[in-house]
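input_23.csv follows; it contains CSV, C-alpha atoms.
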```
chain,number,residue,atom,x,y,z
A,1,ASN,CA,-68.0,38.7,-30.5
A,2,ALA,CA,-69.2,38.1,-26.9
A,3,GLY,CA,-65.9,37.1,-25.5
A,4,VAL,CA,-66.4,35.4,-22.1
A,5,THR,CA,-69.9,35.2,-20.8
A,6,GLN,CA,-70.8,34.3,-17.2
A,7,THR,CA,-74.2,33.5,-15.7
A,8,PRO,CA,-75.7,34.4,-13.4
A,9,LYS,CA,-74.5,37.9,-12.7
A,10,PHE,CA,-75.9,37.9,-9.2
A,11,GLN,CA,-77.0,35.2,-6.8
A,12,VAL,CA,-78.0,34.9,-3.2
A,13,LEU,CA,-77.9,31.5,-1.5
A,14,LYS,CA,-78.6,30.1,1.9
A,15,THR,CA,-75.9,28.1,3.7
A,16,GLY,CA,-76.0,24.5,2.4
A,17,GLN,CA,-77.6,25.3,-0.9
A,18,SER,CA,-75.9,24.3,-4.2
A,19,MET,CA,-75.5,26.1,-7.4
A,20,THR,CA,-73.5,26.2,-10.6
A,21,LEU,CA,-71.9,29.2,-12.2
A,22,GLN,CA,-71.7,28.9,-16.0
A,23,CYS,CA,-69.0,30.2,-18.3
A,24,ALA,CA,-68.7,30.2,-22.0
A,25,GLN,CA,-66.1,31.6,-24.4
A,26,ASP,CA,-66.3,32.1,-28.1
A,27,MET,CA,-62.6,32.7,-28.9
A,28,ASN,CA,-61.6,29.1,-29.4
A,29,HIS,CA,-59.2,29.3,-26.4
A,30,ASN,CA,-57.7,26.1,-25.1
A,31,SER,CA,-57.4,27.2,-21.5
A,32,MET,CA,-60.1,28.4,-19.0
A,33,TYR,CA,-60.0,29.5,-15.4
A,34,TRP,CA,-62.1,30.3,-12.4
A,35,TYR,CA,-60.9,33.0,-10.0
A,36,ARG,CA,-62.5,34.5,-7.0
A,37,GLN,CA,-61.9,38.1,-5.9
A,38,ASP,CA,-62.2,39.2,-2.3
A,39,PRO,CA,-61.4,42.6,-0.8
A,40,GLY,CA,-57.7,42.8,0.2
A,41,MET,CA,-57.0,39.3,-1.2
A,42,GLY,CA,-56.7,39.9,-4.9
A,43,LEU,CA,-57.7,37.4,-7.5
A,44,ARG,CA,-57.2,33.8,-6.4
A,45,LEU,CA,-57.3,30.8,-8.8
A,46,ILE,CA,-59.8,28.2,-7.8
A,47,TYR,CA,-59.6,25.7,-10.7
A,48,TYR,CA,-58.3,25.7,-14.2
A,49,SER,CA,-58.6,23.7,-17.4
A,50,ALA,CA,-55.6,23.5,-19.7
A,51,SER,CA,-57.6,21.9,-22.5
A,52,GLU,CA,-60.9,20.2,-23.1
A,53,GLY,CA,-61.2,17.2,-20.9
A,54,THR,CA,-58.7,18.3,-18.3
A,55,THR,CA,-59.1,20.2,-15.0
A,56,ASP,CA,-56.8,20.9,-12.1
A,57,LYS,CA,-56.9,22.5,-8.8
A,58,GLY,CA,-55.6,26.0,-8.2
A,59,GLU,CA,-54.8,27.8,-5.0
A,60,VAL,CA,-58.2,27.7,-3.3
A,61,PRO,CA,-60.2,24.6,-4.6
A,62,ASN,CA,-61.9,23.4,-1.4
A,63,GLY,CA,-65.7,23.5,-1.6
A,64,TYR,CA,-65.8,23.7,-5.4
A,65,ASN,CA,-66.0,21.4,-8.4
A,66,VAL,CA,-65.6,22.1,-12.0
A,67,SER,CA,-66.6,20.6,-15.4
A,68,ARG,CA,-65.0,21.4,-18.7
A,69,LEU,CA,-68.1,20.4,-20.7
A,70,ASN,CA,-66.5,21.1,-24.1
A,71,LYS,CA,-64.0,23.6,-25.5
A,72,ARG,CA,-66.3,26.5,-25.0
A,73,GLU,CA,-67.8,25.9,-21.6
A,74,PHE,CA,-66.3,25.6,-18.1
A,75,SER,CA,-68.7,25.5,-15.1
A,76,LEU,CA,-68.0,25.9,-11.4
A,77,ARG,CA,-70.2,24.2,-8.8
A,78,LEU,CA,-70.7,24.9,-5.2
A,79,GLU,CA,-72.2,21.7,-3.7
A,80,SER,CA,-72.9,23.1,-0.2
A,81,ALA,CA,-72.5,26.8,-0.1
A,82,ALA,CA,-70.8,28.4,3.0
A,83,PRO,CA,-70.7,32.1,4.0
A,84,SER,CA,-66.9,32.0,3.3
A,85,GLN,CA,-67.8,31.5,-0.4
A,86,THR,CA,-69.4,34.9,-0.6
A,87,SER,CA,-67.3,36.5,-3.3
A,88,VAL,CA,-67.1,37.8,-6.8
A,89,TYR,CA,-66.3,35.0,-9.2
A,90,PHE,CA,-64.5,35.5,-12.5
A,91,CYS,CA,-64.2,33.1,-15.4
A,92,ALA,CA,-61.3,33.7,-17.8
A,93,SER,CA,-59.9,32.1,-20.9
A,94,SER,CA,-56.6,32.3,-22.8
A,95,TRP,CA,-54.4,30.6,-25.3
A,96,THR,CA,-51.9,28.3,-23.6
A,97,THR,CA,-50.0,31.4,-22.4
A,98,GLY,CA,-50.5,35.2,-22.7
A,99,GLU,CA,-53.3,37.5,-21.8
A,100,LEU,CA,-56.4,36.4,-20.0
A,101,PHE,CA,-59.8,37.4,-21.2
A,102,PHE,CA,-62.2,37.8,-18.3
A,103,GLY,CA,-66.0,37.7,-18.0
A,104,GLU,CA,-67.9,40.4,-16.1
A,105,GLY,CA,-68.1,38.4,-12.9
A,106,SER,CA,-70.7,36.7,-10.9
A,107,ARG,CA,-71.5,38.2,-7.5
A,108,LEU,CA,-72.4,35.5,-5.0
A,109,THR,CA,-73.7,36.1,-1.5
A,110,VAL,CA,-74.2,33.2,0.9
A,111,LEU,CA,-76.3,33.9,4.0
B,112,SER,CA,-43.1,32.7,1.4
B,113,GLN,CA,-44.1,33.9,-2.1
B,114,LYS,CA,-45.7,37.3,-2.3
B,115,ILE,CA,-46.7,39.7,-4.9
B,116,GLU,CA,-47.3,43.2,-3.5
B,117,GLN,CA,-48.9,46.4,-4.8
B,118,ASN,CA,-49.6,49.5,-2.8
B,119,SER,CA,-53.0,49.1,-1.3
B,120,GLU,CA,-53.4,52.9,-0.8
B,121,ALA,CA,-55.0,54.7,-3.6
B,122,LEU,CA,-52.8,56.9,-5.7
B,123,ASN,CA,-54.2,60.4,-6.3
B,124,ILE,CA,-52.8,62.5,-9.1
B,125,GLN,CA,-53.7,65.5,-11.2
B,126,GLU,CA,-54.7,65.3,-14.8
B,127,GLY,CA,-51.7,65.6,-17.1
B,128,LYS,CA,-49.2,64.2,-14.6
B,129,THR,CA,-47.5,60.8,-14.9
B,130,ALA,CA,-48.8,58.1,-12.6
B,131,THR,CA,-46.4,55.4,-11.5
B,132,LEU,CA,-47.6,52.2,-9.9
B,133,THR,CA,-45.3,49.6,-8.3
B,134,CYS,CA,-45.5,45.8,-8.3
B,135,ASN,CA,-42.9,44.0,-6.1
B,136,TYR,CA,-42.6,40.2,-5.8
B,137,THR,CA,-40.8,37.8,-3.5
B,138,ASN,CA,-39.6,34.3,-4.0
B,139,TYR,CA,-40.8,34.1,-7.6
B,140,SER,CA,-38.8,33.9,-10.8
B,141,PRO,CA,-41.4,34.8,-13.3
B,142,ALA,CA,-40.9,34.4,-17.1
B,143,TYR,CA,-43.2,37.3,-17.6
B,144,LEU,CA,-45.4,39.8,-15.9
B,145,GLN,CA,-48.8,41.2,-17.0
B,146,TRP,CA,-50.7,44.4,-16.1
B,147,TYR,CA,-54.5,44.6,-16.1
B,148,ARG,CA,-57.0,47.4,-15.6
B,149,GLN,CA,-60.2,46.8,-13.6
B,150,ASP,CA,-63.1,49.2,-13.4
B,151,PRO,CA,-65.7,48.9,-10.6
B,152,GLY,CA,-68.1,46.1,-11.1
B,153,ARG,CA,-66.2,44.9,-14.2
B,154,GLY,CA,-63.8,42.1,-15.0
B,155,PRO,CA,-60.1,42.9,-15.5
B,156,VAL,CA,-58.9,43.9,-18.9
B,157,PHE,CA,-55.4,43.1,-20.2
B,158,LEU,CA,-53.0,46.0,-20.8
B,159,LEU,CA,-49.4,44.9,-21.3
B,160,LEU,CA,-47.2,41.9,-21.0
B,161,ILE,CA,-43.4,42.2,-20.4
B,162,ARG,CA,-41.0,39.3,-20.5
B,163,GLU,CA,-38.0,38.7,-18.2
B,164,ASN,CA,-35.5,39.6,-21.0
B,165,GLU,CA,-37.3,42.9,-21.8
B,166,LYS,CA,-36.4,45.9,-19.7
B,167,GLU,CA,-39.3,48.1,-21.0
B,168,LYS,CA,-42.5,47.9,-23.0
B,169,ARG,CA,-44.6,50.7,-24.3
B,170,LYS,CA,-48.2,51.0,-25.6
B,171,GLU,CA,-49.5,54.5,-26.4
B,172,ARG,CA,-49.4,56.4,-23.0
B,173,LEU,CA,-48.5,53.3,-21.1
B,174,LYS,CA,-45.0,52.1,-20.1
B,175,VAL,CA,-44.0,49.1,-18.1
B,176,THR,CA,-40.5,48.2,-16.8
B,177,PHE,CA,-39.3,44.9,-15.4
B,178,ASP,CA,-36.3,44.7,-13.1
B,179,THR,CA,-35.6,41.0,-12.3
B,180,THR,CA,-32.7,42.1,-9.9
B,181,LEU,CA,-35.0,44.3,-7.9
B,182,LYS,CA,-37.9,41.9,-8.4
B,183,GLN,CA,-40.0,44.8,-9.4
B,184,SER,CA,-42.2,46.1,-12.2
B,185,LEU,CA,-43.2,49.7,-12.6
B,186,PHE,CA,-46.3,50.8,-14.6
B,187,HIS,CA,-46.4,54.3,-15.9
B,188,ILE,CA,-49.3,56.3,-17.4
B,189,THR,CA,-48.1,59.5,-19.0
B,190,ALA,CA,-50.4,62.5,-19.5
B,191,SER,CA,-53.0,60.9,-17.2
B,192,GLN,CA,-56.7,61.6,-17.7
B,193,PRO,CA,-59.7,61.2,-15.4
B,194,ALA,CA,-60.7,58.3,-17.6
B,195,ASP,CA,-57.6,56.5,-16.4
B,196,SER,CA,-59.1,56.2,-13.0
B,197,ALA,CA,-59.4,52.5,-12.2
B,198,THR,CA,-57.7,49.7,-10.2
B,199,TYR,CA,-54.5,48.3,-11.8
B,200,LEU,CA,-53.5,44.8,-11.2
B,201,CYS,CA,-50.2,43.1,-11.8
B,202,ALA,CA,-49.9,39.4,-12.4
B,203,LEU,CA,-47.1,37.0,-12.9
B,204,GLU,CA,-46.6,33.4,-14.0
B,205,PRO,CA,-44.8,31.6,-11.2
B,206,ASP,CA,-43.7,28.5,-13.1
B,207,MET,CA,-43.5,28.2,-16.8
B,208,ASN,CA,-42.0,24.7,-16.5
B,209,THR,CA,-45.5,23.3,-16.5
B,210,GLY,CA,-46.0,24.7,-20.0
B,211,PHE,CA,-49.2,26.2,-18.8
B,212,GLN,CA,-49.9,29.5,-17.1
B,213,LYS,CA,-51.6,30.0,-13.8
B,214,LEU,CA,-51.3,33.7,-13.1
B,215,VAL,CA,-50.9,35.0,-9.6
B,216,PHE,CA,-52.3,38.4,-9.1
B,217,GLY,CA,-51.5,41.3,-6.8
B,218,THR,CA,-54.3,43.0,-4.9
B,219,GLY,CA,-54.2,46.0,-7.2
B,220,THR,CA,-53.7,49.7,-6.7
B,221,ARG,CA,-56.5,52.2,-7.2
B,222,LEU,CA,-55.6,55.2,-9.3
B,223,LEU,CA,-57.7,58.4,-9.1
B,224,VAL,CA,-57.0,61.1,-11.6
B,225,SER,CA,-58.6,64.5,-10.8
B,226,PRO,CA,-59.3,67.2,-13.4
```
Would you kindly transcribe this structure into structure tokens?
Amino acid sequence: NAGVTQTPKFQVLKTGQSMTLQCAQDMNHNSMYWYRQDPGMGLRLIYYSASEGTTDKGEVPNGYNVSRLNKREFSLRLESAAPSQTSVYFCASSWTTGELFFGEGSRLTVL
Amino acid sequence: SQKIEQNSEALNIQEGKTATLTCNYTNYSPAYLQWYRQDPGRGPVFLLLIRENEKEKRKERLKVTFDTTLKQSLFHITASQPADSATYLCALEPDMNTGFQKLVFGTGTRLLVSP
């Protein structure tokens, strides 16, 4: 069982470039999430998807878009990267409520 | 404003002692609270969930308490070991009326257990 798999693990972008972070889970969970983690700020919710076909904004959605491609996959897109988006991004999944299962993170640097 | 606070200073203890970490929250009425462990360079891993009607929850050497009057949760690790060294995060669900959870996380407390 792989759990939650994120790609890429590391990425360096220049300001204005775009990229997509991929996330897949194999636990048949309904809900999926994207968080970012910054020093001193804790994990902050960017977007979430309660079920296949639905997505909603979290606490810090500006500058991001998401796609819930199917029940397994939930991608996060940065259309025009900014230095403020330098962070560690975590994808997670869960049943409707209860514990979150996290991926190992994607470390993004925007120069 | 709504806040969830954990001690940002690292907690240093000796092996064998009990570690106690604190999570305080303001202007939330959570239905439950969760604790996670995070190792450097890794994603958080779930440890325990405690509901508002539960005073205490245990799992092996871990114990969590939840005091809705004090708006505080305490996380205890008894007989601590160097392998317990990690950052511990608390998280709460701010609004279960949506029928969907959107956990809010504290910044975490780093625990260092020395031999």
Using only C-alpha atoms, determine which residues lie at most 7 Å from Thr7 (chain A), disregarding the query and same-chain residues fewer than 5 positions distant; provide the list as a PyMOL selection string.
chain A and resi 21-23+106
Select, as a list in words, those residues of chain A with any atom no more than 6 Å from chain B (distances computed using all atoms listed in the file).
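That gives Met41, Gly42, Leu43, Thr96, Thr97, Phe102, Gly103 and Glu104 of chain A for chain A.
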Keeping only C-alpha atoms, write those residues as a tab-separated table (two decimals), in the frame of the given file.
```tsv
chain	number	residue	atom	x	y	z
A	41	MET	CA	-57.00	39.30	-1.20
A	42	GLY	CA	-56.70	39.90	-4.90
A	43	LEU	CA	-57.70	37.40	-7.50
A	96	THR	CA	-51.90	28.30	-23.60
A	97	THR	CA	-50.00	31.40	-22.40
A	102	PHE	CA	-62.20	37.80	-18.30
A	103	GLY	CA	-66.00	37.70	-18.00
A	104	GLU	CA	-67.90	40.40	-16.10
```
Shell of 12 Å around Ser31 (chain A), only C-alpha atoms, local chain residues under 4 positions omitted, as a ChimeraX atom specification
/A:24-25,27,47-56,68,70-74,91-101 /B:210-213
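What separates CA of Thr109 (chain A) from CA of Val12 (chain A) is a distance of 4.8 Å.
Atom pair CA of Leu78 (chain A) / CA of Asn28 (chain A): separated by 26.2 Å.
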Could you tell me how far CA of Cys201 (chain B) lies from CA of Lys9 (chain A), in Å and to one decimal?
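These two atoms are separated by 24.9 Å.
Compared by their closest atoms to Asn135 (chain B), and using all atoms listed in the file, the residues B:Gln183, B:Gln113, B:Thr176, B:Asn118 rank with B:Gln183 nearest.
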Would you mind listing what lies within 10 Å of Ala121 (chain B) as a ChimeraX atom specification, with all atoms listed in the file counted and same-chain residues fewer than 6 positions away left out?
/B:197-198,219-223
Residues within 9 Å of region 58-65 of chain A, all atoms listed in the file, excluding chain neighbours under 2 positions, as a ChimeraX atom specification:
/A:34-36,44-48,56,67,75-82,85 /B:213
Can you tell me which residues surround Ile124 (chain B) at a distance of at most 9 Å, considering all atoms listed in the file, apart from same-chain residues fewer than 5 positions away, and format the answer as an mmCIF file with C-alpha atoms, in the frame of the given file?
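Heads up, here's the output in around_3.cif:
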```cif
data_model
loop_
_atom_site.group_PDB
_atom_site.id
_atom_site.type_symbol
_atom_site.label_atom_id
_atom_site.label_comp_id
_atom_site.auth_asym_id
_atom_site.auth_seq_id
_atom_site.Cartn_x
_atom_site.Cartn_y
_atom_site.Cartn_z
ATOM 1 C CA THR B 129 -47.500 60.800 -14.900
ATOM 2 C CA ALA B 130 -48.800 58.100 -12.600
ATOM 3 C CA SER B 191 -53.000 60.900 -17.200
ATOM 4 C CA LEU B 222 -55.600 55.200 -9.300
ATOM 5 C CA LEU B 223 -57.700 58.400 -9.100
ATOM 6 C CA VAL B 224 -57.000 61.100 -11.600
ATOM 7 C CA SER B 225 -58.600 64.500 -10.800
#
```
Can you work out which one of B:Ala142, B:Lys128, B:Gln149, B:Lys114 has the shortest atom-to-atom distance to Phe177 (chain B), counting only C-alpha atoms?
B:Ala142
Counting all atoms listed in the file, find residues at most 6 Å from (-77.5, 35.1, 3.6) (file frame) and give them as a PDB file with C-alpha atoms, in the frame of the given file.
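Listed below is the output, selection35.pdb:
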```pdb
ATOM      1  CA  LYS A  14     -78.600  30.100   1.900  1.00  0.00           C
ATOM      2  CA  VAL A 110     -74.200  33.200   0.900  1.00  0.00           C
ATOM      3  CA  LEU A 111     -76.300  33.900   4.000  1.00  0.00           C
TER       4      LEU A 111
END
```
In terms of only C-alpha atoms, the residue from B:Pro151, B:Ser140, B:Ser112, B:Gln192 at minimal distance from Thr180 (chain B) is B:Ser140
Best match for closeness to Tyr139 (chain B) among B:Asp195, B:Glu126, B:Glu165, B:Glu116, counting all atoms listed in the file:
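Closest candidate: B:Glu116.
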What does region 122-155 of chain B look like written to a file with N, CA and C atoms, as a PDB file, in the first residue's frame?
```
ATOM      1  N   LEU B 122      10.958  21.460  23.592  1.00  0.00           N
ATOM      2  CA  LEU B 122      10.894  20.855  24.918  1.00  0.00           C
ATOM      3  C   LEU B 122      11.996  19.801  25.010  1.00  0.00           C
ATOM      4  N   ASN B 123      12.908  20.020  25.938  1.00  0.00           N
ATOM      5  CA  ASN B 123      14.026  19.087  26.133  1.00  0.00           C
ATOM      6  C   ASN B 123      13.797  18.293  27.409  1.00  0.00           C
ATOM      7  N   ILE B 124      13.791  16.969  27.293  1.00  0.00           N
ATOM      8  CA  ILE B 124      13.631  16.139  28.486  1.00  0.00           C
ATOM      9  C   ILE B 124      14.589  14.957  28.419  1.00  0.00           C
ATOM     10  N   GLN B 125      14.754  14.334  29.581  1.00  0.00           N
ATOM     11  CA  GLN B 125      15.622  13.155  29.643  1.00  0.00           C
ATOM     12  C   GLN B 125      14.834  11.886  29.377  1.00  0.00           C
ATOM     13  N   GLU B 126      15.503  10.935  28.801  1.00  0.00           N
ATOM     14  CA  GLU B 126      14.904   9.632  28.552  1.00  0.00           C
ATOM     15  C   GLU B 126      14.292   9.080  29.835  1.00  0.00           C
ATOM     16  N   GLY B 127      13.109   8.505  29.707  1.00  0.00           N
ATOM     17  CA  GLY B 127      12.440   7.894  30.849  1.00  0.00           C
ATOM     18  C   GLY B 127      11.443   8.821  31.529  1.00  0.00           C
ATOM     19  N   LYS B 128      11.587  10.128  31.305  1.00  0.00           N
ATOM     20  CA  LYS B 128      10.650  11.080  31.903  1.00  0.00           C
ATOM     21  C   LYS B 128       9.381  11.187  31.065  1.00  0.00           C
ATOM     22  N   THR B 129       8.364  11.841  31.630  1.00  0.00           N
ATOM     23  CA  THR B 129       7.121  12.097  30.901  1.00  0.00           C
ATOM     24  C   THR B 129       7.183  13.465  30.234  1.00  0.00           C
ATOM     25  N   ALA B 130       6.916  13.470  28.953  1.00  0.00           N
ATOM     26  CA  ALA B 130       6.846  14.732  28.203  1.00  0.00           C
ATOM     27  C   ALA B 130       5.393  15.181  28.148  1.00  0.00           C
ATOM     28  N   THR B 131       5.159  16.463  28.378  1.00  0.00           N
ATOM     29  CA  THR B 131       3.810  17.024  28.307  1.00  0.00           C
ATOM     30  C   THR B 131       3.820  18.220  27.371  1.00  0.00           C
ATOM     31  N   LEU B 132       3.023  18.128  26.330  1.00  0.00           N
ATOM     32  CA  LEU B 132       2.910  19.202  25.350  1.00  0.00           C
ATOM     33  C   LEU B 132       1.512  19.802  25.437  1.00  0.00           C
ATOM     34  N   THR B 133       1.423  21.093  25.190  1.00  0.00           N
ATOM     35  CA  THR B 133       0.172  21.828  25.375  1.00  0.00           C
ATOM     36  C   THR B 133      -0.342  22.387  24.062  1.00  0.00           C
ATOM     37  N   CYS B 134      -1.655  22.334  23.911  1.00  0.00           N
ATOM     38  CA  CYS B 134      -2.333  22.942  22.764  1.00  0.00           C
ATOM     39  C   CYS B 134      -3.490  23.767  23.309  1.00  0.00           C
ATOM     40  N   ASN B 135      -3.435  25.070  23.099  1.00  0.00           N
ATOM     41  CA  ASN B 135      -4.508  25.974  23.539  1.00  0.00           C
ATOM     42  C   ASN B 135      -5.199  26.560  22.322  1.00  0.00           C
ATOM     43  N   TYR B 136      -6.484  26.769  22.426  1.00  0.00           N
ATOM     44  CA  TYR B 136      -7.199  27.361  21.307  1.00  0.00           C
ATOM     45  C   TYR B 136      -8.140  28.456  21.798  1.00  0.00           C
ATOM     46  N   THR B 137      -8.434  29.386  20.894  1.00  0.00           N
ATOM     47  CA  THR B 137      -9.250  30.556  21.215  1.00  0.00           C
ATOM     48  C   THR B 137     -10.308  30.727  20.151  1.00  0.00           C
ATOM     49  N   ASN B 138     -11.544  30.935  20.602  1.00  0.00           N
ATOM     50  CA  ASN B 138     -12.668  31.220  19.694  1.00  0.00           C
ATOM     51  C   ASN B 138     -12.968  30.086  18.726  1.00  0.00           C
ATOM     52  N   TYR B 139     -12.735  28.874  19.163  1.00  0.00           N
ATOM     53  CA  TYR B 139     -13.179  27.679  18.459  1.00  0.00           C
ATOM     54  C   TYR B 139     -14.041  26.860  19.415  1.00  0.00           C
ATOM     55  N   SER B 140     -14.935  26.104  18.868  1.00  0.00           N
ATOM     56  CA  SER B 140     -15.689  25.106  19.632  1.00  0.00           C
ATOM     57  C   SER B 140     -15.580  23.778  18.890  1.00  0.00           C
ATOM     58  N   PRO B 141     -14.417  23.167  18.952  1.00  0.00           N
ATOM     59  CA  PRO B 141     -14.171  21.982  18.129  1.00  0.00           C
ATOM     60  C   PRO B 141     -14.940  20.761  18.613  1.00  0.00           C
ATOM     61  N   ALA B 142     -15.399  19.976  17.678  1.00  0.00           N
ATOM     62  CA  ALA B 142     -16.043  18.703  18.001  1.00  0.00           C
ATOM     63  C   ALA B 142     -14.995  17.676  18.405  1.00  0.00           C
ATOM     64  N   TYR B 143     -13.787  17.814  17.870  1.00  0.00           N
ATOM     65  CA  TYR B 143     -12.706  16.918  18.238  1.00  0.00           C
ATOM     66  C   TYR B 143     -11.373  17.568  17.957  1.00  0.00           C
ATOM     67  N   LEU B 144     -10.345  16.967  18.479  1.00  0.00           N
ATOM     68  CA  LEU B 144      -9.000  17.476  18.340  1.00  0.00           C
ATOM     69  C   LEU B 144      -8.101  16.284  18.024  1.00  0.00           C
ATOM     70  N   GLN B 145      -7.124  16.515  17.164  1.00  0.00           N
ATOM     71  CA  GLN B 145      -6.210  15.446  16.763  1.00  0.00           C
ATOM     72  C   GLN B 145      -4.765  15.836  17.065  1.00  0.00           C
ATOM     73  N   TRP B 146      -3.948  14.836  17.259  1.00  0.00           N
ATOM     74  CA  TRP B 146      -2.506  15.032  17.428  1.00  0.00           C
ATOM     75  C   TRP B 146      -1.762  14.234  16.365  1.00  0.00           C
ATOM     76  N   TYR B 147      -0.718  14.896  15.816  1.00  0.00           N
ATOM     77  CA  TYR B 147       0.114  14.285  14.785  1.00  0.00           C
ATOM     78  C   TYR B 147       1.574  14.395  15.191  1.00  0.00           C
ATOM     79  N   ARG B 148       2.368  13.468  14.650  1.00  0.00           N
ATOM     80  CA  ARG B 148       3.826  13.522  14.816  1.00  0.00           C
ATOM     81  C   ARG B 148       4.431  13.818  13.445  1.00  0.00           C
ATOM     82  N   GLN B 149       5.428  14.711  13.436  1.00  0.00           N
ATOM     83  CA  GLN B 149       6.123  15.002  12.186  1.00  0.00           C
ATOM     84  C   GLN B 149       7.633  14.929  12.401  1.00  0.00           C
ATOM     85  N   ASP B 150       8.273  14.079  11.615  1.00  0.00           N
ATOM     86  CA  ASP B 150       9.737  13.973  11.630  1.00  0.00           C
ATOM     87  C   ASP B 150      10.306  14.888  10.545  1.00  0.00           C
ATOM     88  N   PRO B 151      11.555  15.346  10.700  1.00  0.00           N
ATOM     89  CA  PRO B 151      12.135  16.271   9.721  1.00  0.00           C
ATOM     90  C   PRO B 151      12.073  15.712   8.309  1.00  0.00           C
ATOM     91  N   GLY B 152      11.593  16.520   7.379  1.00  0.00           N
ATOM     92  CA  GLY B 152      11.537  16.118   5.990  1.00  0.00           C
ATOM     93  C   GLY B 152      10.445  15.115   5.661  1.00  0.00           C
ATOM     94  N   ARG B 153       9.541  14.861   6.602  1.00  0.00           N
ATOM     95  CA  ARG B 153       8.480  13.882   6.375  1.00  0.00           C
ATOM     96  C   ARG B 153       7.107  14.530   6.551  1.00  0.00           C
ATOM     97  N   GLY B 154       6.083  13.834   6.096  1.00  0.00           N
ATOM     98  CA  GLY B 154       4.731  14.314   6.318  1.00  0.00           C
ATOM     99  C   GLY B 154       4.237  13.952   7.711  1.00  0.00           C
ATOM    100  N   PRO B 155       3.273  14.700   8.229  1.00  0.00           N
ATOM    101  CA  PRO B 155       2.715  14.376   9.555  1.00  0.00           C
ATOM    102  C   PRO B 155       2.060  13.002   9.562  1.00  0.00           C
TER     103      PRO B 155
END
```
